[in-house]
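**Q** Before I ask anything, let me first share the structure, which is written out below as C-alpha cells.
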Amino acid sequence: MIESNDLSKQYNNDFWAVDGVTINVQPGQILALLGQNGAGKTTTVRMLTALLTPTRGWARVGGYDVRKHPQEVRANVGVLTEQHGLYMRMTGAEYLDFFGEVYGLDAKTRKVRSDYMFEYFGLTEAARRRSGEYSKGMKQKLALARALIHDPAVLLLDEPTSAMDPESAQLVRNEISRLRSSKRTIIICTHNLAEAEALADTIAIIYRGKILLSGTLEELKRTVLGPVEYEAKFAHEFDMGELELPPGAVLADRSPTSLRFRVESPQDVNPKLVNALTSRNAPLVSFHEVPKKLEHVYLKTMADAQGVTYAA
Amino acid sequence: MRRNWDAIWLVARREFLDQFRDWRIIVPMFVLVSLFPFIADNTTRQAVNFMNRTGGGLILDRLIPFVVLVIGFFPLTFTLIVALESFVGEKERGTIEPLLSSPLDDRQMYLGKLLVGTVTPLIFSYGSVLLYLFLLARRSVEFPSVYMLTLILLLTFAHAVLMVSSAIVISVQATTIRAANLLASFVVVPVAFLLQGETFLIFWGDEGVLFYVVIGLTILSGLLIRLGLSHFKREYLLGREIDTLSFKTIGRMFLKRVTGNANSIFEWYTIEIPAMLRQLRRPLLIVICVAVITIAVSYAWVVTVTPEFIEITPARAQNVRNYLAENLGNLDVLNQNVPLPWLFLSNLRATVVFFVAGLVSFSTLGVTLFMVNMALIGGVLGGASLFNYSPVMVFVVAILPHGLFELTAVFISTAAVLNMGAVLVTPQPDRSMGEIFLLSLADWFRVLIGLVVPLLAVSSVIEVYVTPLIIKMAFPYL
C-alpha cells in the first residue's frame, strides 16, 4: 500500500518540485501518474523510495514511513528508474544476481528468479552477454527484471515500456497486470496515455508539483469532459423537426445523419431516447457511446491549467 | 557485523569486476607496473655506476628507498580515476539510482567503493615494488633496511587511502565528472608536495620523522574517511543536476551567520558573541588543557634534557645574565625596535596561519602550530629555570601582562579552528559540505573580528608599553 499526505519537496529554499501530493494506492491497484516533463513525477517517486526526504508532509510505503524507516521502504519497493541504469560490463545474469544479492536473496532463490525473468522477457539467450551489447528494448526489460527480482510488494515504474517494440511492451503490460492480480501496489509514471488508460485503476495528473486531478478514468472523464455523450446515426438524411427529448438528455450536436446527446443517467434515459427516435421512424443504424479518451482528459486539464483553450 | 561486511564486499566485488573488464584501466596499469621497475632498475644501475665513480656513496644509500617510494606511488595515480568515478561517474551514467534505491546503507556503499578504490592500485603498487626489488636483488647494491622498507610501504598505503578518501569526498560532492576532475587538483597538488617532503626525509635519512609522517597521514586519512561518511547523502547525489555558484547567496549566508540576529553592535556583543562563546565552551576547554600540558611537557623536557647537552656552570649562567642585561636594557624603548603595528599584525598573522593550517587538515595542523607556540612558552620558562630565574616570576612578569589578552585571543581563535574541524567531520543531514564549510568560516571570522582582533590590539599595546616596564621593575638589574 502507498499513501501520502501533503507530500512536498522544496529545492534551494525557493522552488517547490512537489507541492502537497496526497495519494492512496491500495494493494492490487495501479495508479498512473501523468504529467509533463519536470512536473514532479520523478521527485514524487524518489520521495516514495526514500531517496529524497520530503520537505513537508508524510508518506508510507508498504507500511513503512519513508522518513523513519527508509531502508525498510527500499527493501520492499521495486524501482524502475527513468534511465535503465545497467552496468554495461556485466552480463545480464551477473546483473540480476548482483541486485538479487543486494536485496538479500539467497543463491538458490536468485537463480530461480533470474531464470524466470529471463525466460518471461525472452532474454534467456542474452543472459550470458554483457548488457552493453543489448538493444534499447532489451536493456529496458533487464532493468524491469531488476526491479522485480526480489518480488517486491510495491512497484514504482517510470516509463516501463519506453523504447520497447509493441510485442515487448505488451509483454510488460501483461506482467504488470499479473502483478496487480497478485495484490502488488503499483505506481506507473508515463507519457503513454493509452498505456495508462489500459492499465491504471486510478489516474493522477500532476502539474508544477501539484496534483490537478485524480480518480478513476470514468471519474476524470466526467469531471473534465462533462456527462457521457451518445450518438445516434441514421441510414440517410432524416429531418425529425423538433424532437422532444426525455428528461436527463440534452442535445449536444446534430447533423442530417446523426444526433448527439449528453446523458446524465444512460440506463434510465437511453431507452426513452431510442423509443422517441423509433416512434418518429428515424432510420436508426446505430446508437453508441461517443468514445472519450484519456488523451482528451489530459490535454483539456493541461490546457485549463495553462489558461489556454483546448481544441479537441 | 558479518552482514555489514558482506554488503561492503558485495559493492566492492562488483566494482572490481567492472574495473578488471575495463581495458582503459587495466592495460595502462599493467604497462606501468611491469615496465617502470625495469626502467627504474636501469636508472639505478646507471646512478650506482656514476656515484661509485664520483664518491656519492651517501646519496647512493638513499637512492633505492627513494626509487621504491616513487615506483610505489605511480600506480596510485589510478586511485583518483577509480575513486572519482565511484559516485559522480555512476551518477552521470545513470547507474547510481538503482543502487541508491536498494536497501544497502550509506556506510556499506561508501566503504565498498573505498575498499576497491584503495586495494586495486595498492596491489599494482606493491607488485611493482616487488618486481623492482627482485630486479635489484640481482645487482650488488645495498638493500634498504627492513625498517625503512616497511616505512615506505606503509607510506604508500597511507598515500592510497589518503588519495582515495579525499577523491571520494570530491566524487560525492561534485555533480559532474568534469567538476570532480577539476576539484581533484586539490588532491594532486598537496600529495605532490607531500611526496617532495617525504623524498627530503628519505635523503635526510631520518626514519623517526618518516614514522611520524606515516602516523600523521593515517590520522588525516581516517579524518577524511569520516568526513566522507558523515557527508555522504543519497539525496545530495540525486537532488542537484548542475553546480551553481552564486556569490550573492554565499555573501548573504556568510553575512547572516556573522551578524546573527543582532540589530546593532551592542546587541552583537551582548547576545551573539556570548552565544558563540558558549558554543565554543568545550573546544576552549580542550585548547586550554592542550596548552597547559604542552607548556608543562616542554618545560620538563628543556629542564631535563638541556643539561645533558650543555653544562650550566655558574660562569655560563653569568654570561647569559650579562647578555640579557645588554640586550634587554633598552626595553623601555621597545617600540623603536618592534613597532606596535608590526607586533599586532604579526600576532594576527599567526592566528590566521593557525586557521588556514586547520582549514586544510580538519584543524589538526592548526592545533599543532598552536602547540608549537605553547611549547615555546614552556621552553622559555624552562630556560629561565636553568639559569636560576623563577619560572613563575618570569611568567607573571614577562608573559602574563599582555598574555592575559594575547593568550586569550589565541585560545579562542584555536578553539574556533578546533570546532571547525569537529563540525566538518560531524554528520549534518540538512546541510551540504559547502554550506558547512562556509558557516564554519563565518563562525571563525565572527570570533576573529569580535574578539581576537580587539584582544590582540590591547595585548600589543601592553606588550610594547607596559610589559617592559614591569620587567624592568621586577628585574631592576637588567
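We label chains A, B, ... in the order they appear in the C-alpha cells, count residues from 1 in each chain, and number ligands from 1 in the order shown.
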Enumerate as a count of residues only the residues belonging to chain A that approach chain B to within 10 Å, with only C-alpha atoms taken into account.

**A** 42

**Q** Write out as a list in words the residues lying within 8 Å of Ser168 of chain A, counting only C-alpha atoms and excluding same-chain residues fewer than 4 positions away.

**A**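 Contacts, with the query itself left out: Phe121, Gly137, Thr161, Met164 and Val172 of chain A.
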
**Q** Save out the residues we just selected, C-alpha atoms, as a PDB file, in the first residue's frame.

**A**
ATOM      1  CA  PHE A 121      11.118 -11.412 -21.004  1.00  0.00           C
ATOM      2  CA  GLY A 137      14.334  -2.653 -25.513  1.00  0.00           C
ATOM      3  CA  THR A 161       7.634   0.305 -21.802  1.00  0.00           C
ATOM      4  CA  MET A 164      10.181  -1.293 -26.447  1.00  0.00           C
ATOM      5  CA  VAL A 172       5.463  -5.912 -19.947  1.00  0.00           C
TER       6      VAL A 172
END

**Q** Rank A:Gly209, A:Gly92, A:Pro256, A:Gly62 by their smallest atom-to-atom distance to Asp19 of chain A, using only C-alpha atoms, and report the top residue only.

**A**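 Answer, going by the shortest atom-to-atom distance: A:Gly209.
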
**Q** Kindly indicate which residue among B:Phe309, B:Phe143, B:Phe78, B:Phe66 lies nearest to Phe203 of chain B, using only C-alpha atoms for the distances.

**A**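 Closest residue, counting only C-alpha atoms: B:Phe66.
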